[in-house]
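*Asks:* Contents are TSV, C-alpha atoms; file name upload-v2.tsv:
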```tsv
chain	number	residue	atom	x	y	z
A	1	MET	CA	47.19	-6.71	-18.85
A	2	CYS	CA	48.24	-6.92	-22.51
A	3	ARG	CA	47.48	-3.34	-23.51
A	4	HIS	CA	51.17	-2.42	-23.72
A	5	VAL	CA	51.70	-4.82	-26.64
A	6	ALA	CA	48.30	-4.50	-28.36
A	7	PRO	CA	49.24	-3.73	-31.98
A	8	VAL	CA	45.88	-2.42	-33.20
A	9	GLY	CA	45.60	-0.02	-30.31
A	10	HIS	CA	49.08	1.28	-31.08
A	11	VAL	CA	48.43	1.96	-34.77
A	12	THR	CA	44.87	3.33	-34.40
A	13	HIS	CA	45.13	5.16	-31.05
A	14	ASN	CA	41.56	3.96	-30.49
A	15	GLU	CA	40.77	2.26	-27.19
A	16	SER	CA	37.62	0.62	-28.55
A	17	VAL	CA	39.75	-1.71	-30.70
A	18	THR	CA	42.17	-2.75	-27.97
A	19	PRO	CA	41.68	-6.26	-26.51
A	20	HIS	CA	39.77	-4.77	-23.56
A	21	GLY	CA	37.59	-2.64	-25.85
A	22	ILE	CA	36.71	-5.53	-28.15
A	23	ALA	CA	35.96	-7.80	-25.19
A	24	LEU	CA	33.78	-5.09	-23.66
A	25	VAL	CA	31.70	-4.78	-26.84
A	26	ALA	CA	31.28	-8.57	-26.97
A	27	SER	CA	30.27	-8.63	-23.30
A	28	MET	CA	27.71	-5.85	-23.80
A	29	GLN	CA	26.17	-7.77	-26.69
A	30	ARG	CA	26.02	-10.88	-24.51
A	31	GLN	CA	24.23	-8.92	-21.79
A	32	GLY	CA	21.69	-7.52	-24.25
A	33	THR	CA	22.77	-3.89	-23.93
A	34	LEU	CA	24.21	-3.76	-27.45
A	35	THR	CA	23.21	-5.26	-30.81
A	36	TRP	CA	25.40	-6.11	-33.78
A	37	THR	CA	25.15	-2.81	-35.56
A	38	PRO	CA	27.63	-2.04	-38.37
A	39	SER	CA	29.77	0.02	-35.97
A	40	ALA	CA	29.81	-2.76	-33.36
A	41	LEU	CA	30.80	-5.27	-36.03
A	42	GLN	CA	33.66	-2.99	-37.06
A	43	VAL	CA	35.01	-3.39	-33.53
A	44	LEU	CA	34.46	-7.17	-33.43
A	45	TYR	CA	36.34	-7.68	-36.70
A	46	ALA	CA	39.26	-5.42	-35.69
A	47	GLU	CA	41.03	-8.16	-33.69
A	48	PRO	CA	43.94	-9.36	-35.90
A	49	ASP	CA	44.33	-12.86	-34.40
A	50	GLY	CA	48.10	-12.54	-34.26
A	51	GLY	CA	48.48	-13.89	-30.73
A	52	ASN	CA	49.88	-10.85	-28.90
A	53	CYS	CA	47.06	-10.46	-26.39
A	54	ARG	CA	47.16	-14.08	-25.22
A	55	ALA	CA	50.95	-14.25	-25.23
A	56	HIS	CA	51.01	-11.37	-22.72
A	57	CYS	CA	47.90	-12.26	-20.71
A	58	VAL	CA	48.80	-12.96	-17.08
A	59	THR	CA	45.94	-15.51	-16.87
A	60	ASP	CA	46.33	-16.97	-20.40
A	61	GLN	CA	42.86	-15.95	-21.54
A	62	PRO	CA	42.24	-17.22	-25.12
A	63	LEU	CA	40.71	-13.98	-26.38
A	64	PRO	CA	41.42	-14.59	-30.11
A	65	ALA	CA	39.71	-17.99	-29.92
A	66	ALA	CA	36.75	-16.43	-28.09
A	67	ILE	CA	36.42	-13.71	-30.71
A	68	ALA	CA	36.54	-16.31	-33.50
A	69	ALA	CA	33.71	-18.15	-31.74
A	70	ILE	CA	31.63	-14.97	-31.47
A	71	ARG	CA	32.26	-14.24	-35.15
A	72	ALA	CA	30.96	-17.74	-35.89
A	73	GLU	CA	27.72	-16.87	-34.11
A	74	VAL	CA	27.48	-13.64	-36.10
A	75	ALA	CA	28.06	-15.52	-39.37
A	76	ALA	CA	25.49	-18.18	-38.45
A	77	GLU	CA	22.91	-15.42	-37.96
A	78	GLY	CA	23.72	-14.02	-41.41
A	79	LEU	CA	25.16	-10.82	-39.96
A	80	ALA	CA	28.76	-11.14	-41.17
A	81	PRO	CA	29.87	-8.31	-43.47
A	82	SER	CA	29.64	-9.23	-47.16
A	83	GLU	CA	33.41	-8.97	-47.65
A	84	VAL	CA	33.87	-11.59	-44.93
A	85	SER	CA	31.33	-14.05	-46.33
A	86	GLN	CA	32.84	-13.62	-49.79
A	87	VAL	CA	36.22	-14.80	-48.51
A	88	ASN	CA	34.56	-17.89	-47.07
A	89	ASP	CA	32.80	-18.55	-50.38
A	90	GLN	CA	36.11	-18.26	-52.24
A	91	ILE	CA	37.81	-20.77	-49.96
A	92	LEU	CA	34.86	-23.15	-50.27
A	93	SER	CA	35.21	-22.97	-54.06
A	94	ASN	CA	39.02	-23.05	-54.46
A	95	GLN	CA	40.44	-24.13	-51.08
A	96	SER	CA	42.50	-20.94	-51.43
A	97	ILE	CA	41.87	-17.22	-51.13
A	98	PHE	CA	44.98	-16.17	-53.02
A	99	GLY	CA	45.00	-18.38	-56.11
A	100	SER	CA	44.97	-22.06	-56.88
A	101	TYR	CA	45.49	-25.29	-54.95
A	102	LYS	CA	47.57	-28.03	-56.57
A	103	PRO	CA	47.55	-31.31	-54.64
A	104	THR	CA	50.55	-33.57	-55.03
A	105	SER	CA	50.75	-37.31	-55.55
A	106	VAL	CA	54.52	-37.61	-55.00
A	107	GLN	CA	55.38	-39.92	-52.11
A	108	GLY	CA	57.93	-39.13	-49.41
A	109	GLU	CA	58.72	-39.43	-45.71
A	110	TRP	CA	59.70	-35.75	-45.48
A	111	GLY	CA	57.25	-33.05	-46.50
A	112	LEU	CA	57.29	-29.26	-46.69
A	113	PHE	CA	53.90	-27.71	-46.07
A	114	VAL	CA	53.90	-24.73	-48.42
A	115	GLY	CA	50.41	-23.38	-47.82
A	116	ASP	CA	48.37	-20.76	-49.61
A	117	ALA	CA	50.65	-17.74	-49.23
A	118	GLY	CA	53.83	-19.76	-49.79
A	119	PHE	CA	52.56	-21.08	-53.11
A	120	ASN	CA	50.53	-18.17	-54.48
A	121	LEU	CA	52.17	-15.05	-53.00
A	122	SER	CA	55.84	-15.82	-52.39
A	123	SER	CA	56.90	-18.88	-54.36
A	124	SER	CA	60.57	-17.81	-54.29
A	125	THR	CA	60.59	-18.50	-50.54
A	126	MET	CA	59.23	-21.99	-51.17
A	127	GLN	CA	61.85	-22.70	-53.85
A	128	ALA	CA	64.71	-21.42	-51.69
A	129	ALA	CA	63.54	-23.53	-48.75
A	130	LEU	CA	63.42	-26.66	-50.92
A	131	GLN	CA	66.95	-25.93	-52.20
A	132	LEU	CA	68.30	-25.53	-48.66
A	133	LEU	CA	66.69	-28.79	-47.60
A	134	SER	CA	68.19	-30.53	-50.61
A	135	ILE	CA	71.64	-29.35	-49.51
A	136	CYS	CA	70.90	-31.05	-46.18
A	137	GLY	CA	70.24	-34.25	-48.09
A	138	ILE	CA	66.49	-34.01	-47.59
A	139	GLU	CA	64.29	-34.16	-50.67
A	140	ALA	CA	61.10	-32.88	-49.09
A	141	VAL	CA	57.80	-33.32	-50.92
A	142	PRO	CA	55.96	-29.97	-51.28
A	143	VAL	CA	52.47	-30.48	-49.88
A	144	GLY	CA	49.53	-28.15	-49.38
A	145	CYS	CA	50.60	-26.08	-52.38
A	146	GLY	CA	48.05	-23.27	-52.46
A	147	LEU	CA	45.96	-24.84	-49.68
A	148	ASP	CA	44.55	-22.71	-46.87
A	149	SER	CA	45.31	-24.55	-43.63
A	150	GLY	CA	41.99	-23.46	-42.14
A	151	PHE	CA	43.35	-20.51	-40.19
A	152	ILE	CA	41.68	-17.81	-42.29
A	153	PRO	CA	38.12	-19.24	-42.29
A	154	CYS	CA	38.39	-20.16	-38.60
A	155	SER	CA	39.52	-16.66	-37.69
A	156	LEU	CA	36.74	-15.16	-39.79
A	157	GLY	CA	34.09	-17.23	-38.01
A	158	TYR	CA	33.53	-20.18	-40.34
A	159	PRO	CA	34.61	-23.25	-38.34
A	160	ASP	CA	32.91	-25.72	-40.69
A	161	THR	CA	34.94	-24.40	-43.62
A	162	ALA	CA	38.05	-24.51	-41.44
A	163	ARG	CA	37.39	-28.16	-40.55
A	164	MET	CA	36.99	-28.96	-44.24
A	165	GLN	CA	40.36	-27.31	-44.92
A	166	ALA	CA	41.95	-29.18	-42.01
A	167	LYS	CA	40.70	-32.46	-43.44
A	168	LEU	CA	42.15	-31.61	-46.86
A	169	CYS	CA	45.54	-30.82	-45.27
A	170	ILE	CA	45.67	-33.99	-43.20
A	171	ASP	CA	44.36	-36.18	-46.03
A	172	GLU	CA	47.03	-34.97	-48.46
A	173	ILE	CA	49.83	-35.34	-45.93
A	174	GLN	CA	48.76	-38.89	-45.08
A	175	ARG	CA	48.10	-39.83	-48.71
A	176	VAL	CA	51.68	-39.07	-49.76
A	177	GLY	CA	53.14	-40.85	-46.73
A	178	VAL	CA	54.71	-37.86	-44.95
A	179	LYS	CA	55.88	-38.63	-41.42
A	180	LYS	CA	58.05	-35.55	-40.81
A	181	LEU	CA	56.35	-32.32	-41.83
A	182	LEU	CA	58.41	-29.16	-42.07
A	183	VAL	CA	56.16	-26.10	-42.04
A	184	LEU	CA	57.08	-22.96	-43.98
A	185	SER	CA	54.64	-20.54	-42.35
A	186	PRO	CA	54.22	-19.76	-38.63
A	187	GLN	CA	50.51	-19.26	-39.31
A	188	ASP	CA	50.11	-22.82	-40.58
A	189	LEU	CA	52.28	-24.23	-37.79
A	190	PHE	CA	50.06	-22.52	-35.21
A	191	ALA	CA	46.98	-23.89	-36.98
A	192	PHE	CA	48.28	-27.46	-37.00
A	193	GLY	CA	49.80	-27.46	-33.53
A	194	GLN	CA	47.22	-25.52	-31.52
A	195	MET	CA	44.25	-24.09	-33.41
A	196	TYR	CA	42.95	-27.40	-34.78
A	197	GLU	CA	42.50	-28.90	-31.32
A	198	GLU	CA	41.60	-25.74	-29.43
A	199	ARG	CA	39.12	-24.13	-31.79
A	200	LEU	CA	37.97	-26.91	-34.14
A	201	GLY	CA	38.22	-30.13	-32.14
A	202	VAL	CA	40.43	-31.63	-34.86
A	203	THR	CA	43.22	-33.95	-33.72
A	204	TRP	CA	46.53	-33.84	-35.54
A	205	PRO	CA	47.69	-37.36	-36.57
A	206	ASP	CA	50.16	-38.79	-34.07
A	207	GLU	CA	52.33	-40.35	-36.77
A	208	VAL	CA	53.12	-36.97	-38.38
A	209	VAL	CA	55.77	-34.91	-36.57
A	210	LEU	CA	55.43	-31.13	-36.92
A	211	ILE	CA	58.70	-29.22	-37.40
A	212	ASP	CA	59.21	-25.47	-37.70
A	213	LEU	CA	61.42	-24.99	-40.77
A	214	VAL	CA	63.34	-22.13	-39.13
A	215	GLU	CA	64.23	-24.26	-36.11
A	216	PHE	CA	65.19	-27.18	-38.34
A	217	MET	CA	67.49	-25.07	-40.51
A	218	ALA	CA	69.08	-23.31	-37.54
A	219	ASP	CA	70.06	-26.71	-36.13
A	220	ARG	CA	71.81	-27.58	-39.38
A	221	VAL	CA	73.62	-24.43	-40.49
A	222	GLN	CA	76.76	-25.55	-38.65
A	223	ALA	CA	76.48	-29.18	-39.82
A	224	GLU	CA	78.80	-30.83	-42.35
A	225	HIS	CA	76.39	-30.02	-45.18
A	226	TYR	CA	77.05	-26.30	-44.70
A	227	LYS	CA	80.63	-26.10	-43.50
A	228	GLY	CA	82.53	-23.98	-46.00
A	229	ALA	CA	79.43	-23.50	-48.12
A	230	ILE	CA	78.02	-20.26	-46.71
A	231	SER	CA	80.01	-17.16	-47.60
A	232	THR	CA	81.65	-15.57	-44.56
A	233	GLU	CA	81.74	-12.19	-46.24
A	234	LYS	CA	79.78	-9.66	-44.22
A	235	THR	CA	76.78	-8.07	-45.90
A	236	ASN	CA	75.45	-4.61	-45.13
A	237	ASP	CA	75.30	-4.18	-41.34
A	238	PHE	CA	72.05	-2.21	-41.51
A	239	ILE	CA	69.70	-5.14	-42.14
A	240	ALA	CA	66.85	-5.68	-39.69
A	241	TYR	CA	65.08	-8.96	-39.02
A	242	VAL	CA	61.29	-8.74	-38.91
A	243	ASP	CA	59.73	-11.35	-36.64
A	244	PRO	CA	56.85	-12.70	-38.74
A	245	THR	CA	53.19	-12.59	-37.88
A	246	HIS	CA	52.36	-15.26	-35.24
A	247	ALA	CA	55.99	-15.39	-34.01
A	248	VAL	CA	54.78	-14.61	-30.46
A	249	ARG	CA	52.83	-17.89	-30.60
A	250	LEU	CA	56.00	-19.85	-31.37
A	251	PRO	CA	58.69	-18.55	-28.98
A	252	ALA	CA	61.14	-21.37	-29.77
A	253	ARG	CA	61.70	-19.90	-33.24
A	254	LEU	CA	62.85	-16.47	-32.01
A	255	ASP	CA	66.48	-17.45	-31.38
A	256	ALA	CA	66.53	-19.90	-34.29
A	257	ALA	CA	65.64	-17.21	-36.80
A	258	ARG	CA	68.43	-14.99	-35.54
A	259	THR	CA	70.91	-17.84	-35.83
A	260	LEU	CA	70.04	-18.14	-39.52
A	261	CYS	CA	70.26	-14.38	-39.99
A	262	LYS	CA	73.75	-14.29	-38.49
A	263	VAL	CA	74.87	-17.07	-40.83
A	264	ALA	CA	73.39	-15.28	-43.84
A	265	LEU	CA	74.69	-11.81	-42.92
A	266	GLY	CA	77.97	-12.61	-41.20
A	267	VAL	CA	76.78	-10.41	-38.32
A	268	ALA	CA	73.75	-10.36	-36.05
A	269	PRO	CA	70.79	-8.57	-37.65
A	270	MET	CA	69.51	-5.22	-36.45
A	271	GLU	CA	66.55	-5.47	-34.10
A	272	LEU	CA	63.27	-3.60	-34.33
A	273	PHE	CA	61.63	-2.10	-31.27
A	274	TRP	CA	58.62	-4.42	-31.65
A	275	ARG	CA	60.58	-7.65	-31.73
A	276	ARG	CA	60.79	-11.14	-30.30
A	277	GLU	CA	58.16	-11.74	-27.56
A	278	ARG	CA	56.55	-8.35	-28.21
A	279	ALA	CA	56.70	-8.51	-32.01
A	280	HIS	CA	53.76	-6.94	-33.79
A	281	PRO	CA	52.11	-8.67	-36.75
A	282	VAL	CA	51.82	-7.24	-40.22
A	283	GLY	CA	48.42	-7.19	-41.89
A	284	SER	CA	48.67	-10.74	-43.22
A	285	THR	CA	46.07	-12.34	-40.94
A	286	ALA	CA	42.30	-12.37	-41.53
A	287	ILE	CA	42.35	-8.64	-40.76
A	288	GLN	CA	43.36	-8.02	-44.38
A	289	PHE	CA	39.78	-9.02	-45.26
A	290	THR	CA	37.86	-7.79	-42.19
A	291	ARG	CA	39.56	-4.42	-41.60
A	292	PRO	CA	42.04	-3.79	-44.44
A	293	ASP	CA	42.49	-0.22	-43.19
A	294	ILE	CA	43.97	-1.56	-39.96
A	295	GLY	CA	45.91	-4.28	-41.76
A	296	ILE	CA	47.70	-1.69	-43.88
A	297	LYS	CA	48.54	0.37	-40.78
A	298	LEU	CA	49.99	-2.69	-39.05
A	299	THR	CA	52.34	-3.37	-41.98
A	300	GLU	CA	53.30	0.26	-42.40
A	301	SER	CA	54.11	0.50	-38.70
A	302	ARG	CA	56.60	-2.38	-39.00
A	303	ILE	CA	58.27	-0.60	-41.90
A	304	GLN	CA	58.37	2.66	-39.94
A	305	ASP	CA	59.85	0.83	-36.94
A	306	ALA	CA	62.70	-0.37	-39.18
A	307	MET	CA	63.23	3.11	-40.61
A	308	ASP	CA	63.36	4.55	-37.11
A	309	GLN	CA	66.15	2.09	-36.25
A	310	GLY	CA	68.12	3.16	-39.33
A	311	ALA	CA	67.66	-0.07	-41.28
A	312	GLN	CA	68.43	-0.15	-44.98
A	313	ALA	CA	66.87	-3.55	-45.61
A	314	LEU	CA	64.35	-5.94	-44.06
A	315	LEU	CA	64.77	-9.69	-43.74
A	316	CYS	CA	62.05	-12.25	-42.97
A	317	ASP	CA	61.35	-15.95	-43.50
A	318	ASP	CA	57.53	-16.06	-43.66
A	319	PRO	CA	55.91	-15.87	-47.12
A	320	ALA	CA	52.81	-13.98	-45.98
A	321	THR	CA	54.79	-11.42	-43.96
A	322	LEU	CA	57.22	-10.92	-46.85
A	323	HIS	CA	54.35	-10.38	-49.28
A	324	GLU	CA	52.79	-7.72	-47.05
A	325	LEU	CA	56.10	-5.94	-46.54
A	326	HIS	CA	56.75	-5.91	-50.30
A	327	LEU	CA	53.22	-4.70	-50.98
A	328	ARG	CA	53.24	-1.77	-48.53
A	329	ASN	CA	56.87	-0.71	-48.68
A	330	GLN	CA	57.15	2.79	-50.15
A	331	SER	CA	60.56	3.45	-48.59
A	332	PRO	CA	64.05	3.01	-50.10
A	333	MET	CA	64.55	-0.07	-47.91
A	334	ARG	CA	64.62	-3.38	-49.74
A	335	VAL	CA	62.74	-6.42	-48.50
A	336	GLN	CA	64.36	-9.84	-48.82
A	337	GLY	CA	63.55	-13.41	-47.84
A	338	LEU	CA	65.90	-15.07	-45.36
A	339	TYR	CA	65.98	-18.37	-47.24
A	340	GLU	CA	66.62	-16.56	-50.50
A	341	LEU	CA	69.56	-14.71	-48.96
A	342	LEU	CA	71.02	-17.97	-47.67
A	343	ILE	CA	70.86	-19.40	-51.19
A	344	GLU	CA	72.59	-16.26	-52.52
A	345	GLN	CA	75.36	-16.69	-49.96
A	346	LEU	CA	75.80	-20.31	-51.01
A	347	GLY	CA	76.18	-19.12	-54.59
A	348	LYS	CA	79.11	-16.87	-53.62
A	349	LYS	CA	81.30	-19.82	-52.67
```
So, in terms of C-alpha cells, how does the structure I just supplied come out?
*Replies:*
Amino acid sequence: MCRHVAPVGHVTHNESVTPHGIALVASMQRQGTLTWTPSALQVLYAEPDGGNCRAHCVTDQPLPAAIAAIRAEVAAEGLAPSEVSQVNDQILSNQSIFGSYKPTSVQGEWGLFVGDAGFNLSSSTMQAALQLLSICGIEAVPVGCGLDSGFIPCSLGYPDTARMQAKLCIDEIQRVGVKKLLVLSPQDLFAFGQMYEERLGVTWPDEVVLIDLVEFMADRVQAEHYKGAISTEKTNDFIAYVDPTHAVRLPARLDAARTLCKVALGVAPMELFWRRERAHPVGSTAIQFTRPDIGIKLTESRIQDAMDQGAQALLCDDPATLHELHLRNQSPMRVQGLYELLIEQLGKK
C-alpha cells in the first residue's frame, strides 16, 4: 500500500525495486525458488532505508528492518558485494566512513551530537548550530564528532559493527556527563530513538534525553534571546525547503522546520511536491554505497522537483542531505543550510 510514495520506484521506473518487488525477491529466496545471484543482490541492496515504505504502510510492516536483517544473513554467508564489505571494514577501522572521529573530553550537561556527516561533510552546519545554541544561552558540548551512529553498518547488514558504534556513542555521551542531547541529524535521531532498540537490541540510557535540534530551535525563535535579533527583511521568495532524508520517520519536525524557515526568510518557504509526510530521501543513506546509481537519481530528482516548482534556492538543515544536494546540483539554484542562513540573518541586525 506504499507504492505511491516509493522513491526508488519513482526514479527508476522499475517495479522489481519497489517495496513489493524487493519483498517478493526476499520471499522467493526464503522459499528456495531463488538464490542470491548478483542480479538478485542488486534488488536486495536497492532499498534506501529512508522510512517511506513503513511510514505509509497501513499495517506498519517494518520492511526496512527486515531487509537489514536479510542483508545481515547475506553478509554472514560471505555473499555481500565487495563495496559493501569495504564500507564495514572502514567503519571498523575508523568509526567513520567519511573521515575521522575525534572524541571529546569536555564535560557538560547539554550536548550536540554532530555525527559523521555533520563533522566530516558539512562542518559549517555544525558551527552554525553551536552558535545558535550559544545565543540561547546553551553552551552545548559537541559529541560524536565524526562518529557513525551505527545506522550505516546496520542498514548494510552488519549489526555487530552497528552495536559497536552504538556503544561508542553512548559511552562518549555518558563519559562527558551529557543529560540533554540535541541531535543534528535526523538519521542519528532515528538510530538513537528507534533503530537501536528495534534492530540491535540496544537500550538508550534513561538519563539522557533525546532532542531534535530543529524542534528545539523552533520553540525558541520567538523567545527573548531572539526578539529583535533576527532580521525581518524578506529574502528571495523563491526558496524551497527540502525535507531531509528520514524526515518521514520524525513527523514532529515537519512543522518545526518550517517555523525556522519562516523566521529566516521572512516568508514561508516554497514547498516541493515530495514534501512533509511524503518527502523523498536524497541518496545520503546506505544506498550511496550499495546502489550509488540509484542514490544519485534520488538526489537529482529532489533537485528537479525544486526546479519544477520554480525555486531559485534550496534550504535544508541536515548535514548529509545538504552535502548530497551540493554534490549533485548542476543547476543555477544555490543550496544553503538553514542554520547558516539564520546566523546570516542575525548578522544583519
*Asks:* For stretch 59-67 of chain A, list every protein, DNA or RNA residue within 9 Å, evaluated using all atoms listed in the file, and leave out those in the same chain fewer than 6 positions away; present the list as a ChimeraX atom specification.
*Replies:* /A:19,22-23,26,44-45,47-51,53,155,157,195,198-199
*Asks:* Which of these, A:Gly266, A:Gly150, A:Gly137, A:Gly177, has the shortest distance to A:Met164 once you count all atoms listed in the file?
*Replies:*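 Ranked by minimum distance to A:Met164, first place goes to A:Gly150.
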*Asks:* Using all atoms listed in the file, which residue out of A:Thr12, A:Gly108, A:Val214, A:Met333 lies closest to A:Val43?
*Replies:* A:Thr12
*Asks:* Which residue is closest to A:Glu271? Choose from A:Val242, A:Val209, A:Ala166, A:Val248 and count all atoms listed in the file.
*Replies:*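 Closest to A:Glu271 of all the choices is A:Val242.
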*Asks:* Quick check, in Å to one decimal: how far apart do atom CA of A:Lys297 and atom CA of A:Ala55 lie?
*Replies:* 21.5 Å
*Asks:* Contacts of stretch 31-37 of chain A at 12 Å or less, counting only C-alpha atoms, minus same-chain residues fewer than 4 places along, as a list of chain:residue names?
*Replies:* A:Leu24, A:Val25, A:Ala26, A:Ser27, A:Leu41, A:Gln42, A:Val43, A:Leu44, A:Tyr45, A:Ile70, A:Arg71, A:Glu73, A:Val74, A:Ala75, A:Glu77, A:Gly78, A:Leu79, A:Ala80, A:Pro81
*Asks:* Which distance in Å separates atom CA of A:Ile91 and atom CA of A:Ile173, to one decimal?
*Replies:* 19.3 Å
*Asks:* Applying 12 Å and all atoms listed in the file, which residues near A:Gln127 remain after dropping the ones on its own chain fewer than 5 positions away? List them as a count of residues only.
*Replies:* 18
*Asks:* Please build the interface table for stretch 281-326 of chain A against stretch 256-263 of chain A with a cut-off of 12 Å, listing for each qualifying residue the nearest atom pair and the distance in Å to one decimal; count all atoms listed in the file, order rows by chain and increasing number, and write it as JSON lines.
*Replies:*
```
{"residue": "A:Leu314", "atom": "CA", "partner": "A:Cys261", "partner_atom": "CA", "distance": 11.1}
{"residue": "A:Leu315", "atom": "CA", "partner": "A:Cys261", "partner_atom": "CA", "distance": 8.1}
{"residue": "A:Cys316", "atom": "CA", "partner": "A:Ala257", "partner_atom": "CA", "distance": 8.7}
{"residue": "A:Asp317", "atom": "CA", "partner": "A:Ala257", "partner_atom": "CA", "distance": 8.1}
{"residue": "A:Asp318", "atom": "CA", "partner": "A:Ala257", "partner_atom": "CA", "distance": 10.7}
```
*Asks:* With only C-alpha atoms as the atoms that count, which of A:Ala76, A:Pro205, A:Arg249, A:Pro153 lies nearest to A:Ile287?
*Replies:*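 The closest residue to A:Ile287 is A:Pro153.
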*Asks:* Around (63.3, 3.5, -31.7), as given in the file, which residues come within 10 Å? Count all atoms listed in the file and list them as a VMD selection string.
*Replies:* chain A and resid 271 to 274 304 to 310
*Asks:* Counting only C-alpha atoms, which residue out of A:Lys102, A:Val282, A:Arg275, A:Pro269 sits closest to A:Ile294?
*Replies:*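 Closest candidate: A:Val282.
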*Asks:* With distances taken over all atoms listed in the file, which of A:Pro7, A:Pro251, A:Gly193, A:Pro159 is nearest to A:Asn88?
*Replies:*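 Selected residue with least distance to A:Asn88: A:Pro159.
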*Asks:* So how many Å separate atom CA of A:Ser85 and atom CA of A:Phe113, to one decimal?
*Replies:*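 Between atom CA of A:Ser85 and atom CA of A:Phe113 the gap is 26.4 Å.
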*Asks:* I want to know what sits within 10 Å of A:Met1, based on only C-alpha atoms, with residues of the same chain fewer than 3 positions away left out; could you give that as a ChimeraX atom specification?
*Replies:* /A:4-6,19-20,53-54,56-59
